[in-house]
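> So here's run-v7.txt, just compact mmCIF, C-alpha atoms:
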```txt
# COMPACT_ATOMS: atom_id res chain seq x y z
CA MET X 229 135.55 243.09 21.17
CA LYS X 230 136.41 244.99 24.35
CA SER X 231 137.51 242.79 27.24
CA ASP X 232 135.37 242.93 30.39
CA LEU X 233 137.62 240.74 32.54
CA LYS X 234 137.81 242.16 36.08
CA PRO X 235 141.16 241.81 37.94
CA SER X 236 140.67 240.34 41.41
CA GLY X 237 144.24 239.72 42.52
CA THR X 238 147.27 237.60 41.67
CA ILE X 239 148.48 234.04 42.16
CA SER X 240 152.09 233.08 42.81
CA LEU X 241 153.87 230.11 41.31
CA THR X 242 157.13 228.92 42.83
CA HIS X 243 159.41 226.69 40.77
CA GLU X 244 163.09 225.91 40.62
CA GLY X 245 163.78 229.17 38.80
CA GLY X 246 162.07 231.34 41.41
CA THR X 247 158.60 232.78 42.01
CA VAL X 248 156.39 234.47 39.40
CA GLU X 249 152.97 236.09 39.71
CA PHE X 250 150.03 235.84 37.35
CA PRO X 251 146.84 237.94 37.26
CA VAL X 252 143.56 236.49 38.51
CA TYR X 253 140.34 237.60 36.81
CA LYS X 254 136.73 237.37 37.96
CA PRO X 255 134.22 236.77 35.12
CA THR X 256 130.54 237.75 35.16
CA HIS X 257 129.63 234.19 36.22
CA GLY X 258 131.78 231.18 36.98
CA PRO X 259 135.07 230.44 38.75
CA ASP X 260 138.09 232.72 38.91
CA VAL X 261 140.55 232.53 36.02
CA PHE X 262 144.35 232.43 36.28
CA ASP X 263 145.93 234.28 33.36
CA ILE X 264 148.96 232.15 32.46
CA ARG X 265 149.62 233.61 29.01
CA SER X 266 153.14 234.57 30.07
CA LEU X 267 153.86 231.21 31.75
CA TYR X 268 156.24 229.87 29.12
CA LYS X 269 158.05 233.21 28.74
CA ASP X 270 158.43 233.63 32.51
CA THR X 271 159.25 230.04 33.48
CA GLY X 272 160.18 228.09 30.34
CA ALA X 273 157.43 225.59 31.24
CA PHE X 274 153.85 225.05 30.13
CA THR X 275 150.79 223.21 31.46
CA PHE X 276 149.45 219.74 30.66
CA ASP X 277 145.67 219.71 30.24
CA PRO X 278 144.30 216.94 27.95
CA GLY X 279 140.99 217.99 26.48
CA PHE X 280 141.58 221.56 27.77
CA THR X 281 138.94 220.92 30.45
CA SER X 282 140.71 223.26 32.89
CA THR X 283 141.75 225.83 30.29
CA ALA X 284 139.82 228.83 28.96
CA SER X 285 140.79 229.20 25.31
CA CYS X 286 138.96 232.48 24.82
CA GLU X 287 136.88 235.22 26.42
CA SER X 288 133.23 235.09 25.33
CA LYS X 289 130.00 236.99 25.99
CA ILE X 290 127.70 234.46 24.31
CA THR X 291 126.87 231.44 26.48
CA PHE X 292 127.31 230.53 30.13
CA ILE X 293 126.92 227.08 31.70
CA ASP X 294 126.93 226.15 35.37
CA GLY X 295 126.78 222.37 35.36
CA ASP X 296 126.54 222.06 39.15
CA GLU X 297 123.51 224.33 39.36
CA GLY X 298 121.90 223.26 36.08
CA ILE X 299 122.09 226.71 34.46
CA LEU X 300 122.38 227.56 30.76
CA LEU X 301 122.24 231.20 29.64
CA TYR X 302 122.27 232.65 26.12
CA ARG X 303 123.56 236.23 26.41
CA GLY X 304 122.33 236.20 30.01
CA TYR X 305 118.82 234.92 29.18
CA PRO X 306 117.85 231.56 30.79
CA ILE X 307 117.40 228.87 28.16
CA ASP X 308 113.96 227.85 29.41
CA GLN X 309 112.64 231.42 29.06
CA LEU X 310 113.86 231.65 25.48
CA ALA X 311 112.51 228.22 24.54
CA GLU X 312 109.08 228.96 26.02
CA ASN X 313 108.66 232.57 24.92
CA SER X 314 110.84 233.12 21.87
CA ASP X 315 111.28 231.38 18.52
CA PHE X 316 114.29 230.21 16.55
CA LEU X 317 115.03 233.36 14.57
CA GLU X 318 114.57 235.74 17.50
CA THR X 319 116.87 233.57 19.62
CA ALA X 320 119.34 233.50 16.74
CA TYR X 321 119.29 237.31 16.70
CA VAL X 322 120.00 237.33 20.44
CA LEU X 323 123.01 235.01 20.07
CA LEU X 324 124.40 237.01 17.16
CA ASN X 325 123.75 240.51 18.51
CA GLY X 326 123.55 240.21 22.27
CA GLU X 327 120.08 241.70 22.84
CA LEU X 328 116.44 240.97 22.09
CA PRO X 329 115.46 242.77 18.87
CA ASP X 330 112.90 245.55 18.69
CA PRO X 331 110.09 245.03 16.11
CA GLU X 332 111.97 246.82 13.33
CA LYS X 333 115.21 244.88 13.85
CA ARG X 334 113.33 241.60 14.11
CA LYS X 335 111.54 242.27 10.83
CA TRP X 336 114.84 243.19 9.15
CA PHE X 337 116.57 240.04 10.42
CA GLU X 338 113.72 237.70 9.46
CA ASN X 339 113.55 239.27 5.99
CA SER X 340 117.31 238.94 5.50
CA ILE X 341 117.25 235.26 6.43
CA THR X 342 114.19 234.57 4.29
CA MET X 343 115.78 236.17 1.23
CA HIS X 344 118.79 233.83 1.48
CA THR X 345 117.03 230.45 1.85
CA MET X 346 117.42 229.39 -1.79
CA VAL X 347 120.67 227.70 -2.82
CA HIS X 348 122.65 228.19 -6.01
CA GLU X 349 121.07 226.19 -8.85
CA GLN X 350 124.35 224.41 -9.60
CA LEU X 351 124.60 223.27 -5.98
CA LYS X 352 121.78 220.82 -6.67
CA HIS X 353 124.08 218.89 -9.01
CA PHE X 354 126.61 218.53 -6.21
CA TYR X 355 124.29 216.03 -4.49
CA ASN X 356 124.39 213.70 -7.49
CA GLY X 357 128.03 212.95 -6.72
CA PHE X 358 127.06 211.15 -3.52
CA ARG X 359 125.81 207.60 -3.27
CA ARG X 360 122.15 207.35 -2.37
CA ASP X 361 123.02 205.51 0.84
CA ALA X 362 125.55 208.14 1.96
CA HIS X 363 125.09 209.31 5.54
CA PRO X 364 123.39 212.74 5.53
CA MET X 365 126.19 214.14 7.73
CA ALA X 366 128.75 213.14 5.09
CA ILE X 367 126.70 215.11 2.57
CA MET X 368 126.44 218.08 4.93
CA VAL X 369 130.21 218.25 5.45
CA GLY X 370 130.82 218.20 1.70
CA VAL X 371 128.07 220.59 0.64
CA VAL X 372 128.66 223.20 3.35
CA GLY X 373 132.40 223.09 2.67
CA ALA X 374 131.66 223.72 -1.01
CA LEU X 375 129.60 226.87 -0.32
CA SER X 376 132.74 228.99 -0.54
CA ALA X 377 133.03 227.90 -4.18
CA PHE X 378 129.49 229.13 -4.87
CA TYR X 379 129.45 232.25 -2.69
CA HIS X 380 133.03 233.51 -2.91
CA ASP X 381 131.72 237.09 -2.78
CA SER X 382 131.35 236.71 1.00
CA THR X 383 134.57 235.00 2.08
CA ASP X 384 136.69 238.06 2.91
CA ILE X 385 136.78 237.83 6.70
CA THR X 386 138.31 241.33 7.00
CA ASP X 387 135.14 242.90 5.54
CA PRO X 388 132.34 243.24 8.16
CA LYS X 389 129.69 243.39 5.43
CA GLN X 390 130.87 240.15 3.85
CA ARG X 391 131.01 238.49 7.28
CA LEU X 392 127.39 239.51 7.89
CA ILE X 393 126.23 238.27 4.49
CA ALA X 394 128.05 234.94 4.96
CA SER X 395 126.53 234.53 8.42
CA HIS X 396 122.98 235.15 7.21
CA ARG X 397 123.52 232.91 4.20
CA MET X 398 124.55 229.96 6.33
CA ILE X 399 121.69 230.33 8.80
CA ALA X 400 119.23 230.67 5.91
CA LYS X 401 120.57 227.90 3.68
CA MET X 402 121.30 225.27 6.30
CA PRO X 403 117.65 224.06 6.48
CA THR X 404 117.51 223.91 2.68
CA ILE X 405 120.78 221.97 2.49
CA ALA X 406 119.72 219.62 5.30
CA ALA X 407 116.31 218.97 3.74
CA MET X 408 117.94 218.30 0.36
CA ALA X 409 120.28 215.78 2.02
CA TYR X 410 117.25 214.01 3.50
CA LYS X 411 115.30 214.03 0.24
CA TYR X 412 118.32 212.74 -1.67
CA SER X 413 118.79 209.87 0.79
CA ILE X 414 115.20 208.66 0.31
CA GLY X 415 115.10 209.20 -3.46
CA GLN X 416 112.56 212.01 -3.53
CA SER X 417 112.72 215.26 -5.49
CA PHE X 418 113.90 218.40 -3.72
CA VAL X 419 111.31 220.80 -2.28
CA PHE X 420 112.22 224.46 -2.45
CA PRO X 421 111.69 226.93 0.42
CA ARG X 422 108.68 229.23 0.64
CA ASN X 423 109.01 232.82 1.79
CA ASP X 424 105.60 232.92 3.49
CA LEU X 425 106.51 230.29 6.09
CA ASP X 426 108.46 230.66 9.32
CA TYR X 427 111.91 229.09 9.63
CA THR X 428 110.93 225.76 11.22
CA SER X 429 107.66 225.24 9.32
CA ASN X 430 109.58 225.87 6.11
CA PHE X 431 112.11 223.20 7.04
CA MET X 432 109.42 220.65 7.93
CA ARG X 433 107.71 221.28 4.60
CA MET X 434 110.97 220.90 2.65
CA CYS X 435 111.51 217.54 4.38
CA PHE X 436 108.02 216.04 4.21
CA ALA X 437 106.14 217.65 1.30
CA VAL X 438 105.96 215.67 -1.95
CA SER X 439 105.24 216.87 -5.47
CA SER X 440 101.84 215.19 -5.56
CA GLU X 441 100.54 217.10 -2.54
CA ASP X 442 101.62 219.89 -0.25
CA TYR X 443 102.36 219.68 3.46
CA GLU X 444 101.04 221.73 6.34
CA CYS X 445 102.98 221.50 9.57
CA ASN X 446 100.99 220.65 12.69
CA PRO X 447 101.62 223.64 15.02
CA VAL X 448 102.43 221.33 17.96
CA LEU X 449 105.05 219.48 15.91
CA CYS X 450 106.59 222.65 14.49
CA ASP X 451 106.73 224.21 17.95
CA ALA X 452 108.49 221.12 19.35
CA LEU X 453 111.11 221.16 16.57
CA ASP X 454 111.57 224.91 17.04
CA LYS X 455 112.29 224.26 20.72
CA ILE X 456 114.79 221.54 19.80
CA PHE X 457 116.57 224.02 17.55
CA ILE X 458 116.67 226.69 20.27
CA LEU X 459 117.89 224.27 22.95
CA HIS X 460 120.73 223.03 20.72
CA MET X 461 121.77 226.43 19.37
CA ASP X 462 124.91 226.87 21.48
CA HIS X 463 126.63 225.17 24.40
CA GLU X 464 129.79 227.11 25.22
CA GLN X 465 133.23 225.83 24.12
CA ASN X 466 132.35 222.24 23.24
CA ALA X 467 134.32 220.14 20.74
CA SER X 468 132.62 221.39 17.57
CA THR X 469 132.54 225.04 18.65
CA SER X 470 136.21 224.89 19.59
CA THR X 471 136.86 223.31 16.19
CA VAL X 472 135.13 226.23 14.45
CA ARG X 473 137.17 228.73 16.46
CA LEU X 474 140.41 226.82 15.85
CA ALA X 475 139.79 226.66 12.11
CA GLY X 476 138.79 230.32 12.09
CA SER X 477 141.91 231.35 13.97
CA SER X 478 143.94 230.51 10.85
CA GLY X 479 141.88 232.93 8.76
CA ALA X 480 139.88 230.20 7.01
CA ASN X 481 136.68 231.34 5.31
CA PRO X 482 133.47 230.98 7.35
CA PHE X 483 131.98 228.22 5.19
CA ALA X 484 135.09 226.07 5.73
CA CYS X 485 134.96 226.75 9.47
CA ILE X 486 131.33 225.64 9.75
CA ALA X 487 132.07 222.52 7.68
CA ALA X 488 134.85 221.72 10.17
CA GLY X 489 132.34 222.15 13.01
CA ILE X 490 129.91 219.75 11.32
CA ALA X 491 132.67 217.16 10.95
CA SER X 492 133.48 217.44 14.65
CA LEU X 493 129.82 217.26 15.64
CA TRP X 494 129.45 214.04 13.66
CA GLY X 495 131.54 212.18 16.24
CA PRO X 496 129.42 209.79 18.36
CA ALA X 497 130.87 211.22 21.58
CA HIS X 498 129.47 214.65 20.67
CA GLY X 499 126.48 215.00 18.34
CA GLY X 500 125.31 211.42 18.20
CA ALA X 501 123.99 211.16 21.75
CA ASN X 502 120.27 211.38 20.87
CA GLU X 503 120.75 208.78 18.15
CA ALA X 504 122.56 206.55 20.66
CA ALA X 505 119.67 206.96 23.13
CA LEU X 506 117.16 205.85 20.51
CA ASN X 507 119.34 202.90 19.50
CA MET X 508 119.40 201.85 23.16
CA LEU X 509 115.60 201.94 23.32
CA GLU X 510 115.47 199.75 20.24
CA GLU X 511 117.96 197.35 21.84
CA ILE X 512 115.73 197.06 24.92
CA GLY X 513 112.76 196.52 22.62
CA THR X 514 109.88 195.92 25.04
CA VAL X 515 108.85 197.08 28.51
CA ASP X 516 109.23 193.60 30.02
CA ARG X 517 112.98 193.68 29.26
CA ILE X 518 113.59 196.94 31.13
CA PRO X 519 114.42 195.32 34.52
CA GLU X 520 117.22 193.34 32.84
CA PHE X 521 118.82 196.50 31.43
CA ILE X 522 118.29 198.46 34.65
CA ALA X 523 120.16 195.73 36.53
CA ARG X 524 122.97 195.87 33.98
CA ALA X 525 123.18 199.66 34.31
CA LYS X 526 123.58 199.30 38.08
CA ASP X 527 126.27 196.62 37.75
CA LYS X 528 129.63 198.44 37.77
CA ASP X 529 131.28 195.39 36.15
CA ASP X 530 128.91 195.48 33.16
CA PRO X 531 130.02 197.84 30.34
CA PHE X 532 126.39 198.61 29.45
CA ARG X 533 125.31 202.20 30.13
CA LEU X 534 121.90 203.79 29.83
CA MET X 535 122.23 206.38 27.08
CA GLY X 536 120.34 209.65 27.50
CA PHE X 537 120.69 209.74 31.29
CA GLY X 538 122.96 212.12 33.18
CA HIS X 539 125.28 214.60 31.48
CA ARG X 540 129.04 215.18 31.45
CA VAL X 541 128.57 218.91 32.06
CA TYR X 542 125.38 219.02 34.11
CA LYS X 543 125.80 217.45 37.53
CA ASN X 544 122.26 218.53 38.29
CA TYR X 545 119.16 218.35 36.09
CA ASP X 546 119.86 219.41 32.48
CA PRO X 547 118.00 222.77 32.22
CA ARG X 548 117.07 221.95 28.63
CA ALA X 549 115.55 218.59 29.56
CA LYS X 550 112.39 219.90 31.28
CA VAL X 551 111.47 222.03 28.26
CA MET X 552 112.17 219.10 25.97
CA ARG X 553 110.24 216.69 28.19
CA ASP X 554 107.09 218.83 28.03
CA ALA X 555 107.44 219.27 24.26
CA CYS X 556 107.99 215.53 23.84
CA HIS X 557 104.82 214.64 25.70
CA GLU X 558 102.85 217.26 23.74
CA VAL X 559 104.01 215.69 20.47
CA LEU X 560 103.13 212.16 21.59
CA ASP X 561 99.66 213.34 22.64
CA ALA X 562 99.12 215.28 19.41
CA LEU X 563 100.06 212.27 17.29
CA GLY X 564 98.29 209.73 19.52
CA ILE X 565 101.19 207.28 19.37
CA ARG X 566 101.91 206.54 23.03
CA ASP X 567 101.06 202.89 22.40
CA GLU X 568 104.08 202.39 20.13
CA PRO X 569 106.35 199.83 21.87
CA LEU X 570 109.48 201.98 21.57
CA LEU X 571 107.77 204.94 23.19
CA GLN X 572 106.32 202.75 25.94
CA VAL X 573 109.88 201.65 26.73
CA ALA X 574 110.98 205.29 26.82
CA MET X 575 108.19 206.41 29.11
CA GLU X 576 108.76 203.54 31.55
CA LEU X 577 112.48 204.22 31.61
CA GLU X 578 111.73 207.88 32.30
CA ARG X 579 109.45 206.95 35.21
CA ILE X 580 112.08 204.66 36.74
CA ALA X 581 114.89 207.19 36.37
CA LEU X 582 112.86 209.88 38.12
CA GLU X 583 111.82 207.60 41.00
CA ASP X 584 114.50 204.95 41.50
CA GLU X 585 116.86 205.80 44.39
CA TYR X 586 119.92 204.61 42.44
CA PHE X 587 119.30 207.06 39.60
CA VAL X 588 118.12 209.90 41.83
CA SER X 589 121.10 209.63 44.20
CA LYS X 590 123.54 209.66 41.28
CA LYS X 591 121.56 212.43 39.53
CA LEU X 592 121.16 210.27 36.43
CA TYR X 593 118.14 212.19 35.20
CA PRO X 594 116.87 211.88 31.63
CA ASN X 595 118.71 214.53 29.61
CA ILE X 596 117.87 216.48 26.47
CA ASP X 597 119.22 213.71 24.21
CA PHE X 598 116.75 211.22 25.68
CA TYR X 599 113.71 213.41 24.99
CA SER X 600 114.89 214.91 21.70
CA GLY X 601 115.59 211.46 20.26
CA ILE X 602 112.06 210.29 21.08
CA THR X 603 110.57 213.53 19.74
CA LEU X 604 112.49 213.48 16.47
CA ARG X 605 111.49 209.85 15.93
CA ALA X 606 107.84 210.80 16.51
CA LEU X 607 108.17 213.71 14.05
CA GLY X 608 109.17 211.24 11.36
CA PHE X 609 112.93 211.78 11.07
CA PRO X 610 115.17 208.71 10.65
CA THR X 611 117.96 208.38 13.21
CA ASP X 612 120.71 209.25 10.73
CA MET X 613 119.12 212.71 10.37
CA PHE X 614 119.29 213.50 14.10
CA THR X 615 122.84 214.88 14.02
CA VAL X 616 122.00 216.84 10.86
CA LEU X 617 119.25 218.63 12.77
CA PHE X 618 121.70 219.24 15.60
CA ALA X 619 124.12 220.81 13.08
CA LEU X 620 121.34 222.96 11.63
CA ALA X 621 120.59 224.42 15.05
CA ARG X 622 124.20 224.68 16.21
CA THR X 623 125.15 226.64 13.06
CA VAL X 624 123.85 229.79 14.75
CA GLY X 625 126.06 229.26 17.77
CA TRP X 626 129.07 228.45 15.60
CA ILE X 627 128.57 231.63 13.61
CA ALA X 628 128.13 233.74 16.74
CA GLN X 629 131.32 232.26 18.22
CA TRP X 630 133.24 232.67 14.95
CA SER X 631 132.10 236.29 14.58
CA GLU X 632 133.13 237.05 18.16
CA MET X 633 136.53 235.46 17.60
CA ILE X 634 137.21 237.49 14.45
CA VAL X 635 136.97 240.82 16.30
CA ASP X 636 138.70 239.67 19.50
CA PRO X 637 142.02 241.58 19.76
CA ASN X 638 143.43 238.83 22.02
CA GLN X 639 142.73 236.03 19.55
CA LYS X 640 145.76 234.21 18.15
CA ILE X 641 146.05 231.27 15.80
CA GLY X 642 145.45 228.10 17.80
CA ARG X 643 148.66 226.28 18.62
CA PRO X 644 148.35 223.84 21.56
CA ARG X 645 151.59 222.49 23.04
CA GLN X 646 152.45 218.87 23.71
CA ILE X 647 154.53 216.73 26.04
CA TYR X 648 156.97 214.86 23.82
CA THR X 649 157.71 211.34 25.09
CA GLY X 650 159.21 209.82 21.94
CA ALA X 651 162.78 208.80 21.18
CA PRO X 652 165.57 211.23 22.10
CA GLN X 653 167.57 212.89 19.32
CA ARG X 654 169.64 210.31 17.44
CA ASP X 655 171.63 209.97 14.22
CA TYR X 656 170.54 208.32 11.02
CA VAL X 657 171.95 204.80 10.54
CA SER X 658 172.73 203.63 7.00
CA MET X 659 171.23 200.36 5.80
CA GLU X 660 174.43 198.32 6.00
CA LYS X 661 174.96 199.27 9.65
CA ARG X 662 171.45 198.47 10.87
CA PRO X 663 171.09 195.27 12.95
CA ALA X 664 169.40 192.39 11.17
```
So, in terms of structure tokens, how does the structure I just supplied come out?


Amino acid sequence: MKSDLKPSGTISLTHEGGTVEFPVYKPTHGPDVFDIRSLYKDTGAFTFDPGFTSTASCESKITFIDGDEGILLYRGYPIDQLAENSDFLETAYVLLNGELPDPEKRKWFENSITMHTMVHEQLKHFYNGFRRDAHPMAIMVGVVGALSAFYHDSTDITDPKQRLIASHRMIAKMPTIAAMAYKYSIGQSFVFPRNDLDYTSNFMRMCFAVSSEDYECNPVLCDALDKIFILHMDHEQNASTSTVRLAGSSGANPFACIAAGIASLWGPAHGGANEAALNMLEEIGTVDRIPEFIARAKDKDDPFRLMGFGHRVYKNYDPRAKVMRDACHEVLDALGIRDEPLLQVAMELERIALEDEYFVSKKLYPNIDFYSGITLRALGFPTDMFTVLFALARTVGWIAQWSEMIVDPNQKIGRPRQIYTGAPQRDYVSMEKRPA
């Protein structure tokens, strides 16, 4: 990957050893970047940045976020344009290749993914090793990590052809693996993929069809889930994406890297936000209890927080939320279930958050997790499947980021530093000399 960083000047750092200069780069979008790669060599010191929130760990051409302005771009394309005009596989092609495909390339890509949707027959037996009540994310971590044992013909990361095959395999098989995890958890037989269906309709069928009768996906429902997949496909260098890159920097095979990403995503501070939002709605229970919880949310001394409102990155309106809001309302109308108590609570909370001065002034708008949680519940998915669906969508972003990292000449094995504050060097004391 050729670097496109544009030098814009230098910055000087004065310390007790003298003054050193570091290059300053100007990216396509976003703030200037100070290149401190030679900091330790030049000064003998390094920086302290918990969470790496002020540190760029890589150069990337894939996704750009401006949280202050509420902007999310995939390869330069605004997320709302892709969600409204594209579909999952075309957007996946964009993330992986950088451009919208022409008809021939789109047909080739769709065919390649379709031909890889089946999983190895022996992989089915892998599921029997899990308890029936195992969390689907636990199953996903184990099964995806095991793919390298079933598809070891595509684990040589130095071979571009094997990298491509592994990438397409994971995108294609993730819906099958996720649907099998769901079916296993509810005690139903697995449903195999069909080549005549599109990506999202195929997944819905594998989840909800039963052997006694087939399943046809309502176009409104399939379109809403397709939008959820697109909106969750990538989100810059978040915890799980950074985990994938860090694992990949050691030369680990791509299946292991994606399994590591799934494990990171499973954390409630990362991938569980839409599940947390739905759990909050269930805690509130009925519309008449909303004022009580609104008052608690406004009380700075009360630890209660409204889940699904505001965003750590977006200080403005989450650009994904409007698309998801419209899709959510379309699903509720199509299913005719607006009278369900949980959804009534959600809609009233939404109204308050968009009108109440407290929420408006603090920009605590409903975010994508609020709407996607409601939508997934309406589609029929249990809450423990929400993060699985997130992982299914984010697999494309992880693969795009991993593929970019592999060919980046500046990439090194990840090795963060630390500030050691433990005991100073000391000598071992034999047992008889230790104080009682």

> Find the distance between atom CA of Met343 of chain X and atom CA of Arg622 of chain X and write it in Å to one decimal.

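For atom CA of Met343 of chain X relative to atom CA of Arg622 of chain X, the distance reads 20.7 Å.
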
> Rounded to one decimal place, report the atom CA of Ser631 of chain X-atom CA of Lys289 of chain X distance in Å.

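A separation of 11.6 Å between them.
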
> I'd like to know which of X:Phe614, X:Tyr542, X:Phe274, X:Trp630 is closest to Tyr593 of chain X, using only C-alpha atoms.

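The answer is X:Tyr542, which sits nearest to Tyr593 of chain X.
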
> Name the residues in contact with Gln646 of chain X at a cut-off of 12 Å, using all atoms listed in the file, excluding same-chain residues fewer than 5 positions from it; report them as a list in words.

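Final neighbour list, sorted by chain and number: Ala273, Phe274, Thr275, Phe276, Asp277, Pro278, Gly279 and Phe280 of chain X.
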
> Write out the residues from the selection above, keeping C-alpha atoms, as a PDB file, in the coordinates of the input.


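Final output, saved to again.pdb:
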```pdb
ATOM      1  CA  ALA X 273     157.430 225.590  31.240  1.00  0.00           C
ATOM      2  CA  PHE X 274     153.850 225.050  30.130  1.00  0.00           C
ATOM      3  CA  THR X 275     150.790 223.210  31.460  1.00  0.00           C
ATOM      4  CA  PHE X 276     149.450 219.740  30.660  1.00  0.00           C
ATOM      5  CA  ASP X 277     145.670 219.710  30.240  1.00  0.00           C
ATOM      6  CA  PRO X 278     144.300 216.940  27.950  1.00  0.00           C
ATOM      7  CA  GLY X 279     140.990 217.990  26.480  1.00  0.00           C
ATOM      8  CA  PHE X 280     141.580 221.560  27.770  1.00  0.00           C
TER       9      PHE X 280
END
```

> Find the residues near segment 307-314 of chain X: any atom within 7 Å, counting all atoms listed in the file, skip ones fewer than 6 places away on the same chain, and give them as a list of chain:residue names.

X:Leu300, X:Leu301, X:Lys455, X:Ile458, X:Leu459, X:Arg548, X:Val551

> What separation in Å, quoted to one decimal, exists between atom CA of Ala487 of chain X and atom CA of Val369 of chain X?

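Distance reported for this atom pair: 5.2 Å.
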
> Once you count only C-alpha atoms, which residues end up no further than 9 Å from (130.1, 230.5, 10.7) in the file's frame, shown as a list in words?

Arg391, Ala394, Ser395, Met398, Ile399, Val472, Gly476, Asn481, Pro482, Phe483, Ala484, Cys485, Ile486, Ala487, Gly489, Thr623, Val624, Gly625, Trp626, Ile627, Ala628, Gln629, Trp630 and Ser631 of chain X

> My structure is short of atoms at segment 319-338 of chain X; please model N, CA and C atoms there, returning them as a short mmCIF file (atom, residue, chain, number, x, y, z; two decimals), in the coordinates of the input.


```cif
data_model
loop_
_atom_site.label_atom_id
_atom_site.label_comp_id
_atom_site.auth_asym_id
_atom_site.auth_seq_id
_atom_site.Cartn_x
_atom_site.Cartn_y
_atom_site.Cartn_z
N THR X 319 115.77 234.05 18.79
CA THR X 319 116.87 233.57 19.62
C THR X 319 118.19 233.64 18.86
N ALA X 320 118.14 233.37 17.57
CA ALA X 320 119.34 233.50 16.74
C ALA X 320 119.83 234.94 16.75
N TYR X 321 118.92 235.89 16.66
CA TYR X 321 119.29 237.31 16.70
C TYR X 321 119.97 237.63 18.03
N VAL X 322 119.42 237.09 19.12
CA VAL X 322 120.00 237.33 20.44
C VAL X 322 121.45 236.81 20.50
N LEU X 323 121.67 235.58 20.03
CA LEU X 323 123.01 235.01 20.07
C LEU X 323 123.99 235.83 19.23
N LEU X 324 123.53 236.28 18.07
CA LEU X 324 124.40 237.01 17.16
C LEU X 324 124.66 238.44 17.61
N ASN X 325 123.66 239.07 18.24
CA ASN X 325 123.75 240.51 18.51
C ASN X 325 123.76 240.88 19.99
N GLY X 326 123.43 239.96 20.85
CA GLY X 326 123.55 240.21 22.27
C GLY X 326 122.31 240.71 22.98
N GLU X 327 121.31 241.16 22.24
CA GLU X 327 120.08 241.70 22.84
C GLU X 327 118.86 241.21 22.09
N LEU X 328 117.71 241.25 22.77
CA LEU X 328 116.44 240.97 22.09
C LEU X 328 116.17 242.08 21.08
N PRO X 329 115.68 241.74 19.89
CA PRO X 329 115.46 242.77 18.87
C PRO X 329 114.16 243.55 19.12
N ASP X 330 114.15 244.82 18.71
CA ASP X 330 112.90 245.55 18.69
C ASP X 330 112.14 245.12 17.43
N PRO X 331 110.87 245.51 17.27
CA PRO X 331 110.09 245.03 16.11
C PRO X 331 110.75 245.31 14.76
N GLU X 332 111.36 246.48 14.62
CA GLU X 332 111.97 246.82 13.33
C GLU X 332 113.18 245.94 13.04
N LYS X 333 114.02 245.71 14.05
CA LYS X 333 115.21 244.88 13.85
C LYS X 333 114.83 243.42 13.62
N ARG X 334 113.78 242.98 14.32
CA ARG X 334 113.33 241.60 14.11
C ARG X 334 112.84 241.41 12.69
N LYS X 335 112.06 242.37 12.19
CA LYS X 335 111.54 242.27 10.83
C LYS X 335 112.69 242.27 9.82
N TRP X 336 113.69 243.13 10.04
CA TRP X 336 114.84 243.19 9.15
C TRP X 336 115.59 241.86 9.14
N PHE X 337 115.81 241.28 10.32
CA PHE X 337 116.57 240.04 10.42
C PHE X 337 115.81 238.90 9.76
N GLU X 338 114.53 238.77 10.05
CA GLU X 338 113.72 237.70 9.46
C GLU X 338 113.70 237.83 7.94
#
```
